[in-house]
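Source file final-v1.cif; content: mmCIF, C-alpha atoms.
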data_data
loop_
_atom_site.group_PDB
_atom_site.id
_atom_site.type_symbol
_atom_site.label_atom_id
_atom_site.label_comp_id
_atom_site.auth_asym_id
_atom_site.auth_seq_id
_atom_site.Cartn_x
_atom_site.Cartn_y
_atom_site.Cartn_z
ATOM 1 C CA MET X 27 21.685 -90.613 -130.703
ATOM 2 C CA ARG X 28 21.680 -94.304 -131.446
ATOM 3 C CA LEU X 29 22.720 -96.119 -134.578
ATOM 4 C CA ASP X 30 19.796 -97.325 -136.621
ATOM 5 C CA ILE X 31 21.429 -98.652 -139.770
ATOM 6 C CA LEU X 32 20.975 -102.163 -141.059
ATOM 7 C CA ILE X 33 24.067 -103.569 -142.700
ATOM 8 C CA ASP X 34 22.836 -105.237 -145.863
ATOM 9 C CA LYS X 35 26.081 -106.595 -147.312
ATOM 10 C CA LEU X 36 29.752 -106.546 -146.497
ATOM 11 C CA THR X 37 31.281 -105.556 -149.814
ATOM 12 C CA PRO X 38 34.727 -104.151 -150.632
ATOM 13 C CA CYS X 39 33.012 -101.602 -152.909
ATOM 14 C CA LEU X 40 29.436 -100.426 -153.290
ATOM 15 C CA VAL X 41 27.232 -102.646 -155.388
ATOM 16 C CA GLU X 42 24.537 -101.212 -157.630
ATOM 17 C CA ALA X 43 21.464 -103.097 -156.434
ATOM 18 C CA ALA X 44 19.688 -103.251 -159.803
ATOM 19 C CA THR X 45 22.654 -104.529 -161.827
ATOM 20 C CA GLY X 46 25.177 -105.997 -159.397
ATOM 21 C CA LYS X 47 27.803 -103.642 -160.831
ATOM 22 C CA VAL X 48 30.691 -103.030 -158.415
ATOM 23 C CA LEU X 49 31.647 -99.369 -157.937
ATOM 24 C CA GLN X 50 34.735 -97.899 -156.281
ATOM 25 C CA THR X 51 34.151 -95.543 -153.349
ATOM 26 C CA THR X 52 35.794 -92.547 -151.791
ATOM 27 C CA PHE X 53 35.250 -90.575 -148.598
ATOM 28 C CA SER X 54 36.119 -87.150 -147.274
ATOM 29 C CA LEU X 55 35.208 -84.710 -144.547
ATOM 30 C CA ALA X 56 31.769 -83.256 -145.273
ATOM 31 C CA THR X 57 31.487 -79.502 -145.616
ATOM 32 C CA ALA X 58 28.763 -77.296 -144.155
ATOM 33 C CA ASP X 59 27.316 -77.010 -147.667
ATOM 34 C CA ASP X 60 27.239 -80.824 -147.983
ATOM 35 C CA ILE X 61 25.125 -81.300 -144.864
ATOM 36 C CA SER X 62 22.884 -78.246 -144.823
ATOM 37 C CA GLY X 63 19.302 -78.943 -145.845
ATOM 38 C CA LEU X 64 19.636 -82.732 -146.005
ATOM 39 C CA LYS X 65 16.621 -83.246 -143.741
ATOM 40 C CA ASP X 66 14.520 -81.391 -146.330
ATOM 41 C CA LYS X 67 15.814 -83.865 -148.934
ATOM 42 C CA GLY X 68 14.536 -86.923 -147.062
ATOM 43 C CA TRP X 69 17.403 -87.659 -144.679
ATOM 44 C CA ARG X 70 16.160 -88.743 -141.232
ATOM 45 C CA PHE X 71 18.675 -86.760 -139.190
ATOM 46 C CA ASP X 72 19.637 -83.105 -139.122
ATOM 47 C CA TRP X 73 23.328 -83.371 -139.945
ATOM 48 C CA ALA X 74 23.821 -79.626 -139.419
ATOM 49 C CA ASP X 75 22.610 -79.873 -135.796
ATOM 50 C CA ALA X 76 24.869 -78.016 -133.356
ATOM 51 C CA GLY X 77 25.166 -81.212 -131.281
ATOM 52 C CA LEU X 78 27.334 -82.691 -134.043
ATOM 53 C CA SER X 79 29.588 -79.636 -134.395
ATOM 54 C CA TYR X 80 32.445 -81.279 -132.488
ATOM 55 C CA CYS X 81 32.311 -84.432 -134.622
ATOM 56 C CA ASN X 82 34.183 -85.276 -137.782
ATOM 57 C CA ILE X 83 31.428 -85.905 -140.322
ATOM 58 C CA TYR X 84 32.526 -87.958 -143.317
ATOM 59 C CA LYS X 85 30.647 -88.444 -146.555
ATOM 60 C CA LEU X 86 30.798 -91.615 -148.622
ATOM 61 C CA GLN X 87 30.596 -91.231 -152.385
ATOM 62 C CA ILE X 88 31.063 -93.277 -155.505
ATOM 63 C CA LYS X 89 34.386 -92.405 -157.094
ATOM 64 C CA GLY X 90 33.836 -89.654 -159.668
ATOM 65 C CA ASP X 91 30.310 -88.839 -158.440
ATOM 66 C CA ASP X 92 29.287 -85.954 -156.146
ATOM 67 C CA VAL X 93 26.182 -87.669 -154.732
ATOM 68 C CA ILE X 94 26.499 -88.535 -151.033
ATOM 69 C CA GLN X 95 25.707 -92.213 -150.405
ATOM 70 C CA GLY X 96 26.015 -92.065 -146.616
ATOM 71 C CA LEU X 97 27.336 -90.038 -143.686
ATOM 72 C CA VAL X 98 29.073 -90.934 -140.439
ATOM 73 C CA ALA X 99 29.686 -88.603 -137.472
ATOM 74 C CA ALA X 100 32.722 -89.612 -135.429
ATOM 75 C CA GLU X 101 33.688 -88.062 -132.111
ATOM 76 C CA ILE X 102 37.229 -88.437 -130.807
ATOM 77 C CA ILE X 103 37.116 -89.319 -127.104
ATOM 78 C CA ARG X 104 39.669 -90.774 -124.694
ATOM 79 C CA GLY X 105 41.556 -93.131 -126.983
ATOM 80 C CA ALA X 106 38.599 -94.169 -129.084
ATOM 81 C CA VAL X 107 36.404 -93.092 -131.923
ATOM 82 C CA TYR X 108 32.802 -92.853 -130.807
ATOM 83 C CA VAL X 109 30.369 -93.164 -133.702
ATOM 84 C CA ARG X 110 27.637 -90.686 -132.781
ATOM 85 C CA LEU X 111 25.528 -91.107 -135.881
ATOM 86 C CA MET X 112 25.507 -92.760 -139.264
ATOM 87 C CA GLU X 113 22.948 -92.803 -142.021
ATOM 88 C CA SER X 114 22.571 -94.127 -145.537
ATOM 89 C CA ALA X 115 21.213 -91.654 -148.066
ATOM 90 C CA PRO X 116 17.427 -91.915 -148.533
ATOM 91 C CA HIS X 117 17.887 -93.636 -151.897
ATOM 92 C CA ASN X 118 19.840 -96.402 -150.110
ATOM 93 C CA GLN X 119 17.370 -97.091 -147.275
ATOM 94 C CA SER X 120 14.419 -98.885 -148.794
ATOM 95 C CA SER X 121 13.945 -102.291 -150.328
ATOM 96 C CA ASN X 122 14.428 -100.500 -153.667
ATOM 97 C CA LYS X 123 17.807 -99.075 -152.608
ATOM 98 C CA ALA X 124 20.218 -97.885 -155.255
ATOM 99 C CA TYR X 125 23.391 -99.313 -153.649
ATOM 100 C CA GLU X 126 24.247 -102.063 -151.211
ATOM 101 C CA GLY X 127 27.099 -101.970 -148.740
ATOM 102 C CA VAL X 128 26.819 -98.388 -147.485
ATOM 103 C CA GLY X 129 26.566 -99.216 -143.756
ATOM 104 C CA GLY X 130 29.665 -101.380 -143.700
ATOM 105 C CA HIS X 131 31.601 -98.665 -145.491
ATOM 106 C CA LEU X 132 30.567 -96.104 -142.880
ATOM 107 C CA PHE X 133 31.844 -98.339 -140.078
ATOM 108 C CA ALA X 134 35.077 -98.825 -142.054
ATOM 109 C CA ILE X 135 35.591 -95.052 -142.267
ATOM 110 C CA ALA X 136 35.287 -94.779 -138.464
ATOM 111 C CA ILE X 137 37.782 -97.628 -138.063
ATOM 112 C CA LYS X 138 40.216 -95.952 -140.487
ATOM 113 C CA LEU X 139 39.956 -92.795 -138.372
ATOM 114 C CA SER X 140 40.699 -94.781 -135.217
ATOM 115 C CA ILE X 141 43.762 -96.351 -136.839
ATOM 116 C CA ALA X 142 45.008 -92.968 -138.100
ATOM 117 C CA LEU X 143 44.757 -91.609 -134.535
ATOM 118 C CA ASP X 144 46.730 -94.598 -133.165
ATOM 119 C CA PHE X 145 43.681 -96.006 -131.365
ATOM 120 C CA GLY X 146 44.197 -99.391 -133.044
ATOM 121 C CA GLY X 147 40.882 -99.376 -134.892
ATOM 122 C CA TYR X 148 38.836 -99.406 -131.683
ATOM 123 C CA ILE X 149 35.403 -97.774 -132.052
ATOM 124 C CA CYS X 150 32.315 -97.618 -129.877
ATOM 125 C CA PHE X 151 28.698 -96.731 -130.544
ATOM 126 C CA GLU X 152 25.150 -97.268 -129.318
ATOM 127 C CA ALA X 153 22.720 -99.521 -131.151
ATOM 128 C CA LYS X 154 19.100 -98.386 -131.231
ATOM 129 C CA ASN X 155 17.603 -101.684 -130.043
ATOM 130 C CA PRO X 156 18.481 -105.308 -129.167
ATOM 131 C CA GLU X 157 17.835 -106.526 -132.718
ATOM 132 C CA LEU X 158 20.372 -104.091 -134.160
ATOM 133 C CA ALA X 159 22.822 -104.907 -131.365
ATOM 134 C CA GLU X 160 22.601 -108.569 -132.353
ATOM 135 C CA HIS X 161 22.975 -107.636 -136.023
ATOM 136 C CA TYR X 162 26.177 -105.642 -135.327
ATOM 137 C CA ALA X 163 27.518 -108.512 -133.229
ATOM 138 C CA VAL X 164 26.986 -111.001 -136.060
ATOM 139 C CA GLN X 165 28.145 -108.730 -138.921
ATOM 140 C CA PHE X 166 31.156 -107.078 -137.253
ATOM 141 C CA GLY X 167 31.985 -108.985 -134.109
ATOM 142 C CA ALA X 168 30.795 -106.009 -132.053
ATOM 143 C CA LYS X 169 30.449 -106.652 -128.349
ATOM 144 C CA LEU X 170 27.810 -105.350 -126.003
ATOM 145 C CA LEU X 171 29.242 -103.288 -123.151
ATOM 146 C CA ARG X 172 27.209 -103.535 -119.980
ATOM 147 C CA THR X 173 26.989 -99.972 -118.708
ATOM 148 C CA ARG X 174 24.521 -97.842 -116.834
ATOM 149 C CA ILE X 175 24.829 -95.203 -119.539
ATOM 150 C CA HIS X 176 23.058 -97.117 -122.302
ATOM 151 C CA ASP X 177 21.579 -100.608 -122.645
ATOM 152 C CA TYR X 178 23.031 -101.197 -126.117
ATOM 153 C CA ARG X 179 26.455 -99.550 -125.977
ATOM 154 C CA MET X 180 28.799 -101.596 -128.121
ATOM 155 C CA ASP X 181 32.374 -101.649 -129.288
ATOM 156 C CA ILE X 182 34.418 -103.141 -132.058
ATOM 157 C CA ASP X 183 37.833 -104.051 -130.697
ATOM 158 C CA GLU X 184 41.131 -103.867 -132.534
ATOM 159 C CA LYS X 185 41.093 -107.507 -133.676
ATOM 160 C CA GLU X 186 37.606 -107.274 -135.207
ATOM 161 C CA ALA X 187 38.373 -103.815 -136.628
ATOM 162 C CA TYR X 188 41.337 -105.107 -138.616
ATOM 163 C CA LYS X 189 39.274 -108.004 -139.965
ATOM 164 C CA LEU X 190 36.687 -105.529 -141.185
ATOM 165 C CA ILE X 191 39.095 -102.958 -142.590
ATOM 166 C CA GLU X 192 40.904 -105.585 -144.673
ATOM 167 C CA MET X 193 37.682 -106.068 -146.619
ATOM 168 C CA TYR X 194 37.236 -102.461 -147.755
ATOM 169 C CA THR X 195 39.085 -100.770 -150.602
ATOM 170 C CA LEU X 196 37.621 -97.305 -150.137
ATOM 171 C CA GLU X 197 39.927 -94.379 -150.720
ATOM 172 C CA GLY X 198 39.768 -91.119 -148.890
ATOM 173 C CA ASP X 199 41.177 -88.280 -146.917
ATOM 174 C CA LEU X 200 40.470 -88.256 -143.189
ATOM 175 C CA ASP X 201 41.442 -84.580 -142.748
ATOM 176 C CA VAL X 202 40.840 -84.939 -139.001
ATOM 177 C CA ARG X 203 39.506 -82.061 -136.928
ATOM 178 C CA ARG X 204 40.284 -82.544 -133.251
#
In structure tokens, write the structure found in this file.
Amino acid sequence: MRLDILIDKLTPCLVEAATGKVLQTTFSLATADDISGLKDKGWRFDWADAGLSYCNIYKLQIKGDDVIQGLVAAEIIRGAVYVRLMESAPHNQSSNKAYEGVGGHLFAIAIKLSIALDFGGYICFEAKNPELAEHYAVQFGAKLLRTRIHDYRMDIDEKEAYKLIEMYTLEGDLDVRR
């Protein structure tokens, strides 16, 4: 799976697109009930797929609201957090999106996980195409890793991770499953 999420804004909190109102966020480990049936509700990916069963799947929400704004699946591998998949909720994907800043928050959750596991904030992932790879490089300082495994494998190193994480004020419980 490759990341196909356009980062619209880097914001410390989510911003209501229609009003510009800044909203505090929270994150937690998603439950089976949270992710079952999302594809039927307009999500692009099947978050209950068995291929994600070994990942920590975190949900991003607005503080005090049960609606999921985005999801990130993070796999713990060899001293790094590998972001297998991330997606903004359907209501945050179009030009008429409800909230801005979801994608950056999802990356920040993965970085927080990496820090909590003493990996220094280091994360890696695969961009879907060269345009997104360039976008992640500009927005986050991500670097393209030349490998035979994937043409657009990227990482965010510790230095860039800490720059990014300083921006976000999201609260949450990592509740890591290894």
For this session: Find the residues near Ser121 in chain X: any atom within 12 Å, counting all atoms listed in the file, skip ones fewer than 2 places away on the same chain, and give them as a PyMOL selection string.
Result: chain X and resi 32+34+43-44+116-119+123-126
Problem set entry | Result set, the PyMOL selection byres ((chain X and resi 195) around 8) on current file, as a PyMOL selection string | chain X and resi 38-39+50-51+192-194+196-197
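Going from CA of Cys81 in chain X to CA of Ile175 in chain X covers 20.0 Å.
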Exercise. Gly147 in chain X: which residues within 12 Å, counting all atoms listed in the file, same-chain residues fewer than 3 positions away excluded, as a ChimeraX atom specification?
Worked result: /X:105-108,133-144,150,181-192
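Using the PyMOL selection byres ((chain X and resi 114) around 9) on this structure selects Ile31, Trp69, Ile94, Gln95, Gly96, Leu97, Val98, Met112, Glu113, Ala115, Pro116, His117, Asn118, Gln119, Val128, Gly129 and Leu132 of chain X.
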For this session: Report as a ChimeraX atom specification the full result of the PyMOL selection byres ((chain X and resi 159-167) around 8) when it is applied to this structure.
Result: /X:32-33,153-158,168-170,178,180,182,186-187,190
Axis-aligned box for all listed atoms of range 77-85 of chain X, 4 Å per side, centre and edges in Å to one decimal, as lines of an AutoDock Vina configuration file:
center_x = 29.7
center_y = -84.0
center_z = -138.9
size_x = 17.0
size_y = 16.8
size_z = 23.3
